[in-house]
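Below: start.cif (mmCIF, C-alpha atoms)
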```cif
data_query
loop_
_atom_site.label_atom_id
_atom_site.label_comp_id
_atom_site.auth_asym_id
_atom_site.auth_seq_id
_atom_site.Cartn_x
_atom_site.Cartn_y
_atom_site.Cartn_z
CA MET A 16 73.74 79.09 133.84
CA LEU A 17 72.75 77.63 137.19
CA LEU A 18 70.70 79.96 139.38
CA PRO A 19 71.39 80.16 143.14
CA ASN A 20 68.46 77.87 143.99
CA GLN A 21 69.62 75.19 141.58
CA SER A 22 72.13 72.35 141.73
CA VAL A 23 73.18 69.19 139.90
CA ASN A 24 72.75 65.82 141.62
CA HIS A 25 74.86 62.68 141.39
CA HIS A 26 72.92 61.57 138.31
CA GLY A 27 73.94 64.78 136.53
CA HIS A 28 70.32 65.98 136.68
CA LEU A 29 69.22 69.57 137.26
CA VAL A 30 67.72 70.00 140.72
CA VAL A 31 65.31 72.85 141.55
CA GLY A 32 63.90 73.35 145.03
CA GLY A 33 65.35 70.00 146.05
CA CYS A 34 63.51 68.17 143.23
CA ASP A 35 65.08 66.30 140.33
CA THR A 36 63.68 68.01 137.20
CA VAL A 37 64.01 64.84 135.12
CA GLU A 38 61.81 62.99 137.62
CA LEU A 39 59.34 65.90 137.57
CA ALA A 40 59.14 65.64 133.78
CA ARG A 41 58.50 61.90 134.02
CA GLU A 42 55.79 62.28 136.64
CA TYR A 43 53.93 65.32 135.33
CA GLY A 44 54.82 65.32 131.62
CA THR A 45 56.14 68.13 129.46
CA PRO A 46 55.95 70.98 128.77
CA LEU A 47 55.95 71.67 132.49
CA TYR A 48 56.24 74.89 134.46
CA VAL A 49 58.25 74.42 137.67
CA LEU A 50 58.17 77.08 140.43
CA ASP A 51 60.46 77.22 143.45
CA GLU A 52 58.27 78.36 146.35
CA GLN A 53 61.18 79.35 148.57
CA VAL A 54 62.62 81.71 145.96
CA ILE A 55 59.26 83.49 145.69
CA ARG A 56 58.94 83.85 149.46
CA GLU A 57 62.52 85.09 149.81
CA LYS A 58 61.92 87.73 147.15
CA CYS A 59 58.80 88.97 148.93
CA ARG A 60 60.74 89.26 152.18
CA GLU A 61 63.64 90.98 150.44
CA TYR A 62 61.30 93.68 149.10
CA LEU A 63 59.48 94.15 152.40
CA ASP A 64 62.78 94.42 154.28
CA ALA A 65 64.59 96.71 151.83
CA PHE A 66 61.77 99.23 151.59
CA GLY A 67 60.59 98.83 155.18
CA ARG A 68 64.01 99.74 156.60
CA ARG A 69 64.07 103.00 154.64
CA LEU A 70 60.38 103.87 154.49
CA PRO A 71 58.59 102.12 157.38
CA GLN A 72 55.11 102.78 155.98
CA ALA A 73 55.95 101.43 152.51
CA ALA A 74 53.70 98.77 150.98
CA VAL A 75 54.77 96.16 148.46
CA ALA A 76 52.07 95.08 146.01
CA TYR A 77 52.71 92.03 143.86
CA ALA A 78 51.96 92.72 140.18
CA SER A 79 49.82 89.67 139.50
CA LYS A 80 49.97 89.98 135.71
CA ALA A 81 53.43 88.38 135.93
CA LEU A 82 51.96 85.12 137.22
CA MET A 83 48.49 84.62 138.66
CA THR A 84 47.22 81.44 140.29
CA LYS A 85 45.39 80.73 143.53
CA ALA A 86 48.57 79.29 145.04
CA ILE A 87 50.50 82.46 144.23
CA CYS A 88 47.75 84.53 145.87
CA ARG A 89 48.00 82.43 149.02
CA ILE A 90 51.76 82.96 149.20
CA MET A 91 51.40 86.71 148.73
CA ASP A 92 48.83 86.88 151.50
CA GLN A 93 50.96 84.81 153.87
CA GLU A 94 54.00 87.01 153.20
CA GLY A 95 52.09 90.22 153.97
CA MET A 96 52.12 91.53 150.42
CA SER A 97 49.46 93.67 148.77
CA MET A 98 48.43 92.86 145.20
CA ASP A 99 47.62 94.70 142.03
CA VAL A 100 45.24 93.25 139.47
CA ALA A 101 44.46 94.50 135.98
CA SER A 102 41.44 92.53 134.82
CA GLU A 103 38.22 90.90 135.93
CA GLY A 104 39.93 87.50 135.81
CA GLU A 105 42.83 88.56 138.00
CA LEU A 106 40.46 90.16 140.51
CA TYR A 107 38.25 87.06 140.51
CA THR A 108 41.23 84.76 141.09
CA ALA A 109 42.49 86.85 143.99
CA LEU A 110 39.08 86.92 145.65
CA GLN A 111 38.51 83.19 145.05
CA ALA A 112 41.87 82.52 146.73
CA GLY A 113 40.71 84.50 149.78
CA PHE A 114 43.13 87.39 149.27
CA PRO A 115 42.00 90.38 151.37
CA ALA A 116 40.15 92.85 149.14
CA GLU A 117 41.44 95.82 151.11
CA ARG A 118 44.99 94.97 149.99
CA ILE A 119 44.05 94.83 146.28
CA LYS A 120 44.65 97.65 143.79
CA LEU A 121 42.81 97.61 140.46
CA HIS A 122 44.68 98.81 137.37
CA GLY A 123 43.87 99.05 133.67
CA ASN A 124 43.51 101.65 130.95
CA PHE A 125 39.97 100.40 130.13
CA LYS A 126 37.93 99.02 132.97
CA LYS A 127 34.44 97.94 132.00
CA THR A 128 31.48 99.05 134.08
CA GLU A 129 31.00 95.52 135.42
CA LEU A 130 34.61 95.37 136.62
CA LEU A 131 34.40 98.73 138.40
CA ARG A 132 31.11 97.73 139.99
CA THR A 133 32.58 94.47 141.25
CA ALA A 134 35.64 96.27 142.63
CA LEU A 135 33.47 98.75 144.51
CA GLU A 136 31.09 96.07 145.77
CA GLN A 137 34.03 94.02 147.03
CA ASN A 138 35.64 97.09 148.68
CA VAL A 139 39.02 96.77 146.95
CA GLY A 140 41.65 98.96 148.54
CA ARG A 141 42.38 101.25 145.61
CA ILE A 142 41.17 101.81 142.07
CA VAL A 143 43.90 103.37 139.94
CA ALA A 144 42.04 105.77 137.65
CA ASP A 145 43.58 106.03 134.21
CA SER A 146 41.62 108.90 132.63
CA LEU A 147 39.13 111.69 133.27
CA PRO A 148 36.18 109.74 131.80
CA GLU A 149 37.02 106.83 134.07
CA LEU A 150 36.97 109.10 137.12
CA GLN A 151 33.48 110.20 136.12
CA GLN A 152 32.44 106.59 135.66
CA ILE A 153 33.84 105.56 139.04
CA SER A 154 31.93 108.36 140.72
CA GLU A 155 28.65 107.47 139.01
CA ILE A 156 28.90 103.80 140.02
CA ALA A 157 29.92 104.67 143.58
CA VAL A 158 26.98 107.06 143.92
CA ALA A 159 24.59 104.41 142.59
CA LEU A 160 25.94 101.81 145.03
CA GLY A 161 26.10 104.24 147.93
CA VAL A 162 29.78 103.51 148.59
CA GLU A 163 33.02 105.47 148.63
CA ALA A 164 35.61 104.93 145.89
CA ASP A 165 39.22 105.14 147.08
CA VAL A 166 41.38 106.07 144.10
CA LEU A 167 44.85 106.87 142.89
CA ILE A 168 45.37 108.73 139.61
CA ARG A 169 47.85 107.26 137.16
CA VAL A 170 50.11 109.97 135.75
CA THR A 171 52.55 109.79 132.86
CA PRO A 172 55.95 111.10 134.02
CA GLY A 173 57.54 111.33 130.57
CA VAL A 174 60.42 108.99 131.46
CA LYS A 175 61.63 106.88 128.54
CA ALA A 176 62.96 103.77 130.26
CA ASP A 177 65.93 101.82 128.91
CA THR A 178 64.10 98.65 127.90
CA HIS A 179 62.31 97.08 124.93
CA GLU A 180 59.96 99.59 123.32
CA ARG A 181 56.97 97.30 123.79
CA ILE A 182 57.35 97.27 127.57
CA ARG A 183 57.97 100.99 128.07
CA THR A 184 55.01 102.62 129.80
CA GLY A 185 56.15 105.96 131.22
CA GLN A 186 56.94 107.94 128.07
CA GLU A 187 54.66 110.72 126.83
CA ASP A 188 53.31 108.67 123.91
CA THR A 189 51.50 105.92 125.82
CA LYS A 190 47.98 104.65 126.33
CA PHE A 191 48.43 104.73 130.09
CA GLY A 192 47.57 107.52 132.48
CA VAL A 193 47.21 111.30 132.25
CA SER A 194 50.07 113.49 131.15
CA LEU A 195 52.15 115.61 133.50
CA ALA A 196 53.55 117.53 130.52
CA SER A 197 50.12 118.98 129.71
CA SER A 198 47.34 120.16 131.98
CA ALA A 199 45.65 116.73 131.95
CA ALA A 200 47.05 115.48 135.26
CA MET A 201 46.11 118.64 137.12
CA GLU A 202 42.68 118.61 135.51
CA ALA A 203 42.17 114.99 136.60
CA THR A 204 43.24 115.88 140.13
CA ARG A 205 40.78 118.76 140.37
CA LEU A 206 38.03 116.54 139.01
CA ALA A 207 38.76 113.76 141.53
CA LEU A 208 38.62 116.27 144.38
CA GLU A 209 35.22 117.54 143.21
CA LEU A 210 33.44 114.30 142.30
CA PRO A 211 30.98 112.83 144.79
CA HIS A 212 31.86 109.53 146.50
CA VAL A 213 35.47 109.70 145.21
CA ASN A 214 38.31 109.84 147.74
CA LEU A 215 41.63 110.74 146.16
CA HIS A 216 44.57 109.22 148.02
CA GLY A 217 47.45 110.06 145.70
CA PHE A 218 49.16 109.22 142.45
CA HIS A 219 50.59 106.30 140.53
CA CYS A 220 53.14 105.97 137.74
CA HIS A 221 54.96 103.16 135.95
CA ILE A 222 57.93 103.59 133.60
CA GLY A 223 58.48 100.12 132.14
CA SER A 224 59.48 96.51 132.68
CA GLN A 225 62.68 94.43 132.77
CA LEU A 226 64.68 97.48 133.86
CA LEU A 227 68.36 96.82 134.56
CA TYR A 228 69.11 100.30 135.89
CA THR A 229 67.55 102.19 138.80
CA ASP A 230 68.08 105.79 137.70
CA GLY A 231 64.73 105.88 135.87
CA PHE A 232 62.94 105.18 139.16
CA GLY A 233 64.74 108.04 140.87
CA LEU A 234 63.91 110.39 138.01
CA ALA A 235 60.25 109.37 138.05
CA ALA A 236 60.11 109.90 141.82
CA HIS A 237 61.45 113.46 141.48
CA ILE A 238 59.04 114.26 138.64
CA VAL A 239 55.93 112.98 140.41
CA MET A 240 56.95 114.63 143.69
CA ASP A 241 57.30 117.92 141.79
CA PHE A 242 53.73 117.41 140.60
CA ILE A 243 52.53 116.57 144.10
CA ALA A 244 54.02 119.87 145.28
CA SER A 245 52.27 121.72 142.44
CA VAL A 246 48.97 120.11 143.38
CA ARG A 247 49.33 121.29 146.96
CA ALA A 248 50.20 124.79 145.85
CA GLU A 249 47.23 125.04 143.47
CA THR A 250 44.54 123.11 145.33
CA GLY A 251 45.70 122.65 148.90
CA TYR A 252 45.44 118.87 148.51
CA VAL A 253 48.31 116.88 150.06
CA ALA A 254 48.85 113.43 148.54
CA GLU A 255 48.88 110.60 151.06
CA GLN A 256 50.29 107.91 148.75
CA PHE A 257 52.67 107.63 145.83
CA ASP A 258 52.74 104.35 143.91
CA ILE A 259 55.88 104.22 141.77
CA GLY A 260 55.00 100.95 140.03
CA GLY A 261 57.45 98.13 139.42
CA GLY A 262 59.63 96.88 136.59
CA LEU A 263 62.93 95.75 138.13
CA GLY A 264 64.65 93.30 135.77
CA ILE A 265 65.92 89.77 136.36
CA ARG A 266 68.65 87.46 135.04
CA TYR A 267 67.57 85.84 131.81
CA CYS A 268 71.12 85.41 130.52
CA THR A 269 74.59 85.40 132.04
CA ASP A 270 75.24 88.95 130.83
CA ASP A 271 72.19 90.33 132.63
CA VAL A 272 73.18 92.07 135.86
CA PRO A 273 70.01 93.45 137.43
CA PRO A 274 70.27 95.87 140.36
CA SER A 275 69.54 94.50 143.79
CA VAL A 276 66.24 95.23 145.50
CA ASP A 277 68.28 97.07 148.12
CA ARG A 278 69.75 99.34 145.44
CA LEU A 279 66.28 100.04 144.06
CA ALA A 280 64.94 100.92 147.51
CA GLU A 281 67.89 103.22 148.15
CA GLU A 282 67.43 105.06 144.85
CA ILE A 283 63.74 105.67 145.42
CA ALA A 284 64.03 106.55 149.12
CA ILE A 285 66.75 109.14 148.46
CA ALA A 286 64.75 110.72 145.63
CA LEU A 287 61.62 110.95 147.76
CA ALA A 288 63.46 112.44 150.73
CA GLU A 289 65.24 115.01 148.57
CA SER A 290 62.02 116.09 146.88
CA ALA A 291 60.03 116.24 150.10
CA GLN A 292 62.69 118.42 151.68
CA GLN A 293 63.04 120.63 148.62
CA HIS A 294 59.30 121.30 148.37
CA GLU A 295 58.65 121.21 152.12
CA ILE A 296 55.87 118.66 151.71
CA PRO A 297 55.06 115.58 153.81
CA MET A 298 56.53 112.31 152.62
CA PRO A 299 53.72 110.26 151.05
CA GLN A 300 53.41 106.56 151.77
CA LEU A 301 55.32 104.71 149.06
CA ILE A 302 53.84 101.75 147.21
CA VAL A 303 56.00 99.63 144.91
CA GLU A 304 54.68 96.95 142.54
CA PRO A 305 57.19 94.20 141.70
CA GLY A 306 56.04 91.29 139.58
CA ARG A 307 58.72 89.78 137.36
CA SER A 308 61.41 90.23 140.01
CA ILE A 309 59.32 88.25 142.51
CA VAL A 310 58.53 85.17 140.40
CA GLY A 311 60.75 85.33 137.30
CA GLU A 312 63.87 83.51 138.46
CA ALA A 313 61.77 81.08 140.51
CA GLY A 314 60.51 79.46 137.31
CA VAL A 315 61.93 76.85 134.96
CA THR A 316 60.08 75.36 131.98
CA LEU A 317 60.82 71.74 131.08
CA TYR A 318 60.41 70.41 127.53
CA THR A 319 61.12 67.11 125.83
CA ILE A 320 63.47 67.31 122.86
CA GLY A 321 62.08 65.71 119.72
CA VAL A 322 63.69 66.21 116.33
CA VAL A 323 67.31 67.41 116.08
CA LYS A 324 67.75 68.64 112.52
CA GLU A 325 71.17 69.68 111.25
CA ILE A 326 71.41 71.82 108.14
CA PRO A 327 75.08 71.50 107.11
CA ASP A 328 77.12 74.70 107.25
CA LEU A 329 74.07 76.63 108.40
CA ARG A 330 72.30 75.68 111.62
CA THR A 331 71.12 72.91 113.94
CA TYR A 332 67.46 73.05 114.92
CA VAL A 333 66.41 71.41 118.18
CA SER A 334 62.64 71.02 118.34
CA VAL A 335 60.78 70.72 121.62
CA ASP A 336 57.20 69.82 122.51
CA GLY A 337 56.07 73.35 123.34
CA GLY A 338 56.89 76.85 122.20
CA MET A 339 55.02 80.04 121.54
CA SER A 340 51.77 78.82 123.09
CA ASP A 341 53.45 78.38 126.49
CA ASN A 342 55.98 81.23 126.15
CA PRO A 343 55.32 83.96 123.55
CA ARG A 344 57.96 86.37 124.93
CA PRO A 345 60.68 85.54 122.37
CA LEU A 346 58.32 86.44 119.50
CA LEU A 347 56.82 89.46 121.27
CA TYR A 348 59.91 91.04 122.79
CA ASP A 349 62.92 89.26 121.23
CA ALA A 350 63.40 87.79 124.70
CA GLU A 351 66.51 85.68 125.26
CA TYR A 352 66.97 82.73 127.61
CA GLU A 353 69.63 80.31 128.72
CA VAL A 354 68.97 76.58 128.71
CA LEU A 355 70.31 73.34 130.09
CA VAL A 356 69.89 69.72 129.08
CA ALA A 357 68.38 68.80 132.42
CA ASN A 358 69.37 65.11 132.30
CA ARG A 359 73.00 66.07 131.60
CA ALA A 360 73.17 69.39 133.45
CA ASP A 361 76.87 68.95 134.27
CA ALA A 362 77.89 68.30 130.63
CA HIS A 363 79.84 70.89 128.67
CA PRO A 364 77.62 73.04 126.37
CA SER A 365 79.44 72.11 123.17
CA HIS A 366 76.78 72.60 120.49
CA ILE A 367 75.42 75.90 119.18
CA VAL A 368 71.78 75.36 118.26
CA ARG A 369 68.44 77.05 117.74
CA ILE A 370 65.64 75.90 120.06
CA SER A 371 62.41 75.73 118.05
CA GLY A 372 58.85 75.21 119.17
CA ALA A 373 56.42 72.68 117.75
CA HIS A 374 53.90 75.14 116.33
CA CYS A 375 53.03 75.69 112.68
CA GLU A 376 54.85 79.01 112.70
CA THR A 377 58.38 80.36 112.76
CA ASP A 378 58.36 79.48 116.41
CA THR A 379 61.75 80.20 117.95
CA LEU A 380 62.21 79.86 121.69
CA VAL A 381 65.94 80.61 121.72
CA ALA A 382 67.61 81.87 118.53
CA GLU A 383 71.13 80.75 119.36
CA VAL A 384 72.41 79.01 122.45
CA ALA A 385 75.12 76.57 123.51
CA VAL A 386 73.89 73.24 124.89
CA ALA A 387 75.31 69.85 125.72
CA ASP A 388 74.97 67.45 122.75
CA PRO A 389 71.13 67.39 122.42
CA GLN A 390 69.43 64.09 121.71
CA PRO A 391 65.78 63.14 121.13
CA GLY A 392 64.17 62.33 124.45
CA ASP A 393 66.41 64.65 126.46
CA ILE A 394 64.74 67.07 128.87
CA LEU A 395 65.46 70.72 128.10
CA ALA A 396 65.20 73.28 130.91
CA VAL A 397 64.62 76.92 129.98
CA GLN A 398 65.67 79.20 132.82
CA SER A 399 63.89 82.20 134.40
CA THR A 400 60.43 81.56 132.99
CA GLY A 401 58.40 82.24 136.13
CA ALA A 402 57.05 85.55 134.81
CA TYR A 403 54.94 86.13 131.70
CA SER A 404 55.04 82.55 130.42
CA TYR A 405 51.98 80.89 131.94
CA SER A 406 50.21 84.26 132.24
CA MET A 407 50.60 84.89 128.48
CA ALA A 408 50.06 81.31 127.34
CA SER A 409 47.50 80.49 124.66
CA ASN A 410 45.92 77.58 122.83
CA TYR A 411 47.49 78.44 119.48
CA ASN A 412 47.31 75.43 117.15
CA ARG A 413 44.98 74.04 119.82
CA PHE A 414 47.87 73.18 122.06
CA THR A 415 46.85 72.50 125.65
CA ARG A 416 48.37 74.76 128.29
CA PRO A 417 51.01 73.03 130.44
CA ALA A 418 50.72 71.96 134.04
CA MET A 419 52.53 73.85 136.79
CA VAL A 420 54.16 72.35 139.87
CA MET A 421 55.48 74.14 142.92
CA VAL A 422 58.59 72.68 144.53
CA ASN A 423 59.95 73.27 148.00
CA ASP A 424 62.61 71.39 149.92
CA GLY A 425 62.29 68.24 147.83
CA HIS A 426 58.48 68.24 147.74
CA ALA A 427 56.51 68.87 144.55
CA GLU A 428 52.82 69.65 144.30
CA LEU A 429 50.59 70.38 141.32
CA ILE A 430 49.17 73.94 141.44
CA VAL A 431 47.79 74.09 137.87
CA ARG A 432 46.66 70.91 136.17
CA ARG A 433 47.45 70.31 132.51
CA GLU A 434 44.62 71.22 130.15
CA THR A 435 42.96 68.33 128.37
CA LEU A 436 41.70 68.06 124.81
CA GLU A 437 38.22 68.19 126.29
CA ASP A 438 39.09 71.57 127.83
CA LEU A 439 39.89 72.88 124.36
CA VAL A 440 36.35 72.39 123.10
CA ARG A 441 34.39 73.11 126.29
CA CYS A 442 33.29 76.55 125.05
CA ASP A 443 32.67 75.53 121.41
CA MET A 444 29.10 75.63 120.16
CA VAL A 445 27.74 74.04 116.96
CA PRO A 446 24.83 75.96 115.32
CA THR A 447 21.70 73.86 114.97
CA ARG A 448 21.81 74.24 111.19
CA LEU A 449 25.21 72.44 111.23
CA ALA A 450 24.14 69.66 113.57
#
```

As a first step, turn the structure in this file into structure tokens.
Amino acid sequence: MLLPNQSVNHHGHLVVGGCDTVELAREYGTPLYVLDEQVIREKCREYLDAFGRRLPQAAVAYASKALMTKAICRIMDQEGMSMDVASEGELYTALQAGFPAERIKLHGNFKKTELLRTALEQNVGRIVADSLPELQQISEIAVALGVEADVLIRVTPGVKADTHERIRTGQEDTKFGVSLASSAAMEATRLALELPHVNLHGFHCHIGSQLLYTDGFGLAAHIVMDFIASVRAETGYVAEQFDIGGGLGIRYCTDDVPPSVDRLAEEIAIALAESAQQHEIPMPQLIVEPGRSIVGEAGVTLYTIGVVKEIPDLRTYVSVDGGMSDNPRPLLYDAEYEVLVANRADAHPSHIVRISGAHCETDTLVAEVAVADPQPGDILAVQSTGAYSYSMASNYNRFTRPAMVMVNDGHAELIVRRETLEDLVRCDMVPTRLA
């Protein structure tokens, strides 16, 4: 499967962003994350255009958990995006990259006191409160600092999204948010309106990730707008903002047919307009939080093929020099990918194989896939790895995390250097009694 930004050159090599992937592997080594800058920028513009045409005040906030580096932050800033962060590290990276704090939203079901204090000291745009105790904590810190805390409340809409159970987030049984089905959401709203130094701006929800249908977004919009109407009726408070989260899926395999961003914007805009008219309430400013659909298809991971082991009448294992430490999604979510032999990208995929990682584990990258006759030393390209590969990478088996290069119009530049063996032990300490 060639993606729209990819081609095959006269050497039969896979080309991404105008760069020969085989040459990239030679120059930077493998495993190697490759990101196409132009694809990322085009996706940002597609979101801003699709939602801006229908809802002129809409804001698009990149979900940085999908992929977070300083270079990504710079692109998001240049493209006029907002950003959501969900940890101290993500917030720190954004601020270090010079991303405007007022366009940052802080998420998380457990935010430590230090993180909330930093967010308030740095004047982040919104803190998305996940519980009643957290609202109390935000207020106490804001009072102590003498600042105002601008918050959204995360609510649970009770929508069971059609996706893997481990990436559903909007159903009733979830660690995230306060329930709309009980009195918890209304109780949290009343509390936020009463607490000192807390300014409630509206509500947030999120139903799941890698969603290949848009109807769940429309349903969630109706449900939360119903709640917004109830809040106005009971308290007089009129929500200014409604953050519907993200989760639009991408193409991992040929059979995946994700909805367009335009279709997503249409679904949400219609639902909001219908609900606003039905309840005779003002239309809140919409915020949407795409992550995977911004960076996912922009990424390719390159590996070097090592051992090709054929077990007669059973299976052929193709081992590569990475695996679960640079992409744990197959083991976590049964994620599937398509691959190419990058140095023979125009060859017919004639062999059914299993792509295995190099870790001391049942480390399967792709359970079953057709590839062109794989040979030791070939470069294997795994498609659509821009999201949740680098961001979920680890040092399992003391593997070093790969480098990452950004390509654009034939130019490649390192944006994350490869970890060294020295990096692996930089935090290790030896007790004096063992010295």

Counting all atoms listed in the file, what are the residues of region 278-328 of chain A within 12 Å of region 245-252 of chain A, and for each of them which pair of atoms is the nearest and at what distance in Å, to one decimal? Sort the table by chain and rising number, as JSON lines.
```
{"residue": "A:His294", "atom": "CA", "partner": "A:Ser245", "partner_atom": "CA", "distance": 9.2}
{"residue": "A:Glu295", "atom": "CA", "partner": "A:Arg247", "partner_atom": "CA", "distance": 10.7}
{"residue": "A:Ile296", "atom": "CA", "partner": "A:Arg247", "partner_atom": "CA", "distance": 8.5}
{"residue": "A:Pro297", "atom": "CA", "partner": "A:Arg247", "partner_atom": "CA", "distance": 10.6}
```

Pull out every residue that the PyMOL selection byres ((chain A and resi 79) around 9) matches in the shown coordinates and put them as a list in words. Ala76, Tyr77, Ala78, Lys80, Ala81, Leu82, Met83, Thr84, Ile87, Cys88, Met98, Asp99, Val100, Ala101, Glu105, Pro305 and Gly306 of chain A

One number please: CA of Glu376 (chain A) to CA of Val333 (chain A), in Å, one decimal. 14.9 Å

Give me the result of the PyMOL selection byres ((chain A and resi 413) around 10) on this file, residue by residue, as a ChimeraX atom specification. /A:340,374,409-412,414-416,436,439-440

Got a sec: who's within 7 Å of Leu395 (chain A), counting all atoms listed in the file, leaving out chain neighbours fewer than 2 positions off, as a PDB file with C-alpha atoms, in the frame of the given file?
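Dumped everything to out-v9.pdb:
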```
ATOM      1  CA  LEU A 317      60.820  71.740 131.080  1.00  0.00           C
ATOM      2  CA  TYR A 318      60.410  70.410 127.530  1.00  0.00           C
ATOM      3  CA  THR A 319      61.120  67.110 125.830  1.00  0.00           C
ATOM      4  CA  ILE A 320      63.470  67.310 122.860  1.00  0.00           C
ATOM      5  CA  VAL A 354      68.970  76.580 128.710  1.00  0.00           C
ATOM      6  CA  LEU A 355      70.310  73.340 130.090  1.00  0.00           C
ATOM      7  CA  VAL A 356      69.890  69.720 129.080  1.00  0.00           C
ATOM      8  CA  ALA A 357      68.380  68.800 132.420  1.00  0.00           C
ATOM      9  CA  ASP A 393      66.410  64.650 126.460  1.00  0.00           C
ATOM     10  CA  VAL A 397      64.620  76.920 129.980  1.00  0.00           C
TER      11      VAL A 397
END
```

Counting only C-alpha atoms, figure out which residue out of A:Ala244, A:Ala65, A:Ala86, A:Ala134 gets nearest to Gly113 (chain A).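 Closest to Gly113 (chain A), using only C-alpha atoms: A:Ala86.
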
From CA of Arg432 (chain A) to CA of Gly32 (chain A) the spacing works out at 19.5 Å

Evaluate the PyMOL selection byres ((chain A and resi 61) around 12) and report residues as a compact mmCIF listing (two decimals) with C-alpha atoms, in the frame of the given file:
```
# COMPACT_ATOMS: atom_id res chain seq x y z
CA VAL A 54 62.62 81.71 145.96
CA ILE A 55 59.26 83.49 145.69
CA ARG A 56 58.94 83.85 149.46
CA GLU A 57 62.52 85.09 149.81
CA LYS A 58 61.92 87.73 147.15
CA CYS A 59 58.80 88.97 148.93
CA ARG A 60 60.74 89.26 152.18
CA TYR A 62 61.30 93.68 149.10
CA LEU A 63 59.48 94.15 152.40
CA ASP A 64 62.78 94.42 154.28
CA ALA A 65 64.59 96.71 151.83
CA PHE A 66 61.77 99.23 151.59
CA GLY A 67 60.59 98.83 155.18
CA ARG A 68 64.01 99.74 156.60
CA VAL A 75 54.77 96.16 148.46
CA GLU A 94 54.00 87.01 153.20
CA MET A 96 52.12 91.53 150.42
CA SER A 275 69.54 94.50 143.79
CA VAL A 276 66.24 95.23 145.50
CA ASP A 277 68.28 97.07 148.12
CA ARG A 278 69.75 99.34 145.44
CA LEU A 279 66.28 100.04 144.06
CA ALA A 280 64.94 100.92 147.51
CA PRO A 305 57.19 94.20 141.70
CA SER A 308 61.41 90.23 140.01
CA ILE A 309 59.32 88.25 142.51
```

Could you work out how far CA of Arg369 (chain A) lies from CA of Leu226 (chain A), giving the answer in Å with one decimal?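 Separation between CA of Leu226 (chain A) and CA of Arg369 (chain A): 26.3 Å.
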
Select, counting all atoms listed in the file, all protein, DNA and RNA residues no farther than 10 Å from (66.7, 70.1, 114.9) in file coordinates, and express the selection as a PyMOL selection string. chain A and resi 320-326+330-335+368-371+389-391

Under the rule that all atoms listed in the file are counted, which of A:Ala235, A:Ile119, A:Cys375, A:Ala74 is the nearest residue to Leu301 (chain A)?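 Once distances to Leu301 (chain A) are computed over all atoms listed in the file, the minimum belongs to A:Ala74.
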
Please determine the residues with any atom at most 12 Å from (56.7, 72.3, 131.3) (coordinates as given in the file, with all atoms listed in the file counting) and report them as JSON, numbers by chain. {"A": [36, 37, 39, 40, 41, 42, 43, 44, 45, 46, 47, 48, 49, 50, 314, 315, 316, 317, 318, 319, 320, 335, 336, 337, 338, 340, 341, 342, 394, 395, 396, 397, 398, 400, 401, 404, 405, 408, 415, 416, 417, 418, 419, 420, 421, 429, 431, 432, 433]}

Please, could you write that set of residues out with C-alpha atoms as a short mmCIF file (atom, residue, chain, number, x, y, z; two decimals), in the frame of the given file?
```
data_model
loop_
_atom_site.label_atom_id
_atom_site.label_comp_id
_atom_site.auth_asym_id
_atom_site.auth_seq_id
_atom_site.Cartn_x
_atom_site.Cartn_y
_atom_site.Cartn_z
CA THR A 36 63.68 68.01 137.20
CA VAL A 37 64.01 64.84 135.12
CA LEU A 39 59.34 65.90 137.57
CA ALA A 40 59.14 65.64 133.78
CA ARG A 41 58.50 61.90 134.02
CA GLU A 42 55.79 62.28 136.64
CA TYR A 43 53.93 65.32 135.33
CA GLY A 44 54.82 65.32 131.62
CA THR A 45 56.14 68.13 129.46
CA PRO A 46 55.95 70.98 128.77
CA LEU A 47 55.95 71.67 132.49
CA TYR A 48 56.24 74.89 134.46
CA VAL A 49 58.25 74.42 137.67
CA LEU A 50 58.17 77.08 140.43
CA GLY A 314 60.51 79.46 137.31
CA VAL A 315 61.93 76.85 134.96
CA THR A 316 60.08 75.36 131.98
CA LEU A 317 60.82 71.74 131.08
CA TYR A 318 60.41 70.41 127.53
CA THR A 319 61.12 67.11 125.83
CA ILE A 320 63.47 67.31 122.86
CA VAL A 335 60.78 70.72 121.62
CA ASP A 336 57.20 69.82 122.51
CA GLY A 337 56.07 73.35 123.34
CA GLY A 338 56.89 76.85 122.20
CA SER A 340 51.77 78.82 123.09
CA ASP A 341 53.45 78.38 126.49
CA ASN A 342 55.98 81.23 126.15
CA ILE A 394 64.74 67.07 128.87
CA LEU A 395 65.46 70.72 128.10
CA ALA A 396 65.20 73.28 130.91
CA VAL A 397 64.62 76.92 129.98
CA GLN A 398 65.67 79.20 132.82
CA THR A 400 60.43 81.56 132.99
CA GLY A 401 58.40 82.24 136.13
CA SER A 404 55.04 82.55 130.42
CA TYR A 405 51.98 80.89 131.94
CA ALA A 408 50.06 81.31 127.34
CA THR A 415 46.85 72.50 125.65
CA ARG A 416 48.37 74.76 128.29
CA PRO A 417 51.01 73.03 130.44
CA ALA A 418 50.72 71.96 134.04
CA MET A 419 52.53 73.85 136.79
CA VAL A 420 54.16 72.35 139.87
CA MET A 421 55.48 74.14 142.92
CA LEU A 429 50.59 70.38 141.32
CA VAL A 431 47.79 74.09 137.87
CA ARG A 432 46.66 70.91 136.17
CA ARG A 433 47.45 70.31 132.51
#
```

Which is closest to Pro115 (chain A) among A:Thr447, A:Asn20, A:Gln151, A:Gln137, if we use only C-alpha atoms?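 When distances to Pro115 (chain A) are compared using only C-alpha atoms, the smallest one comes from A:Gln137.
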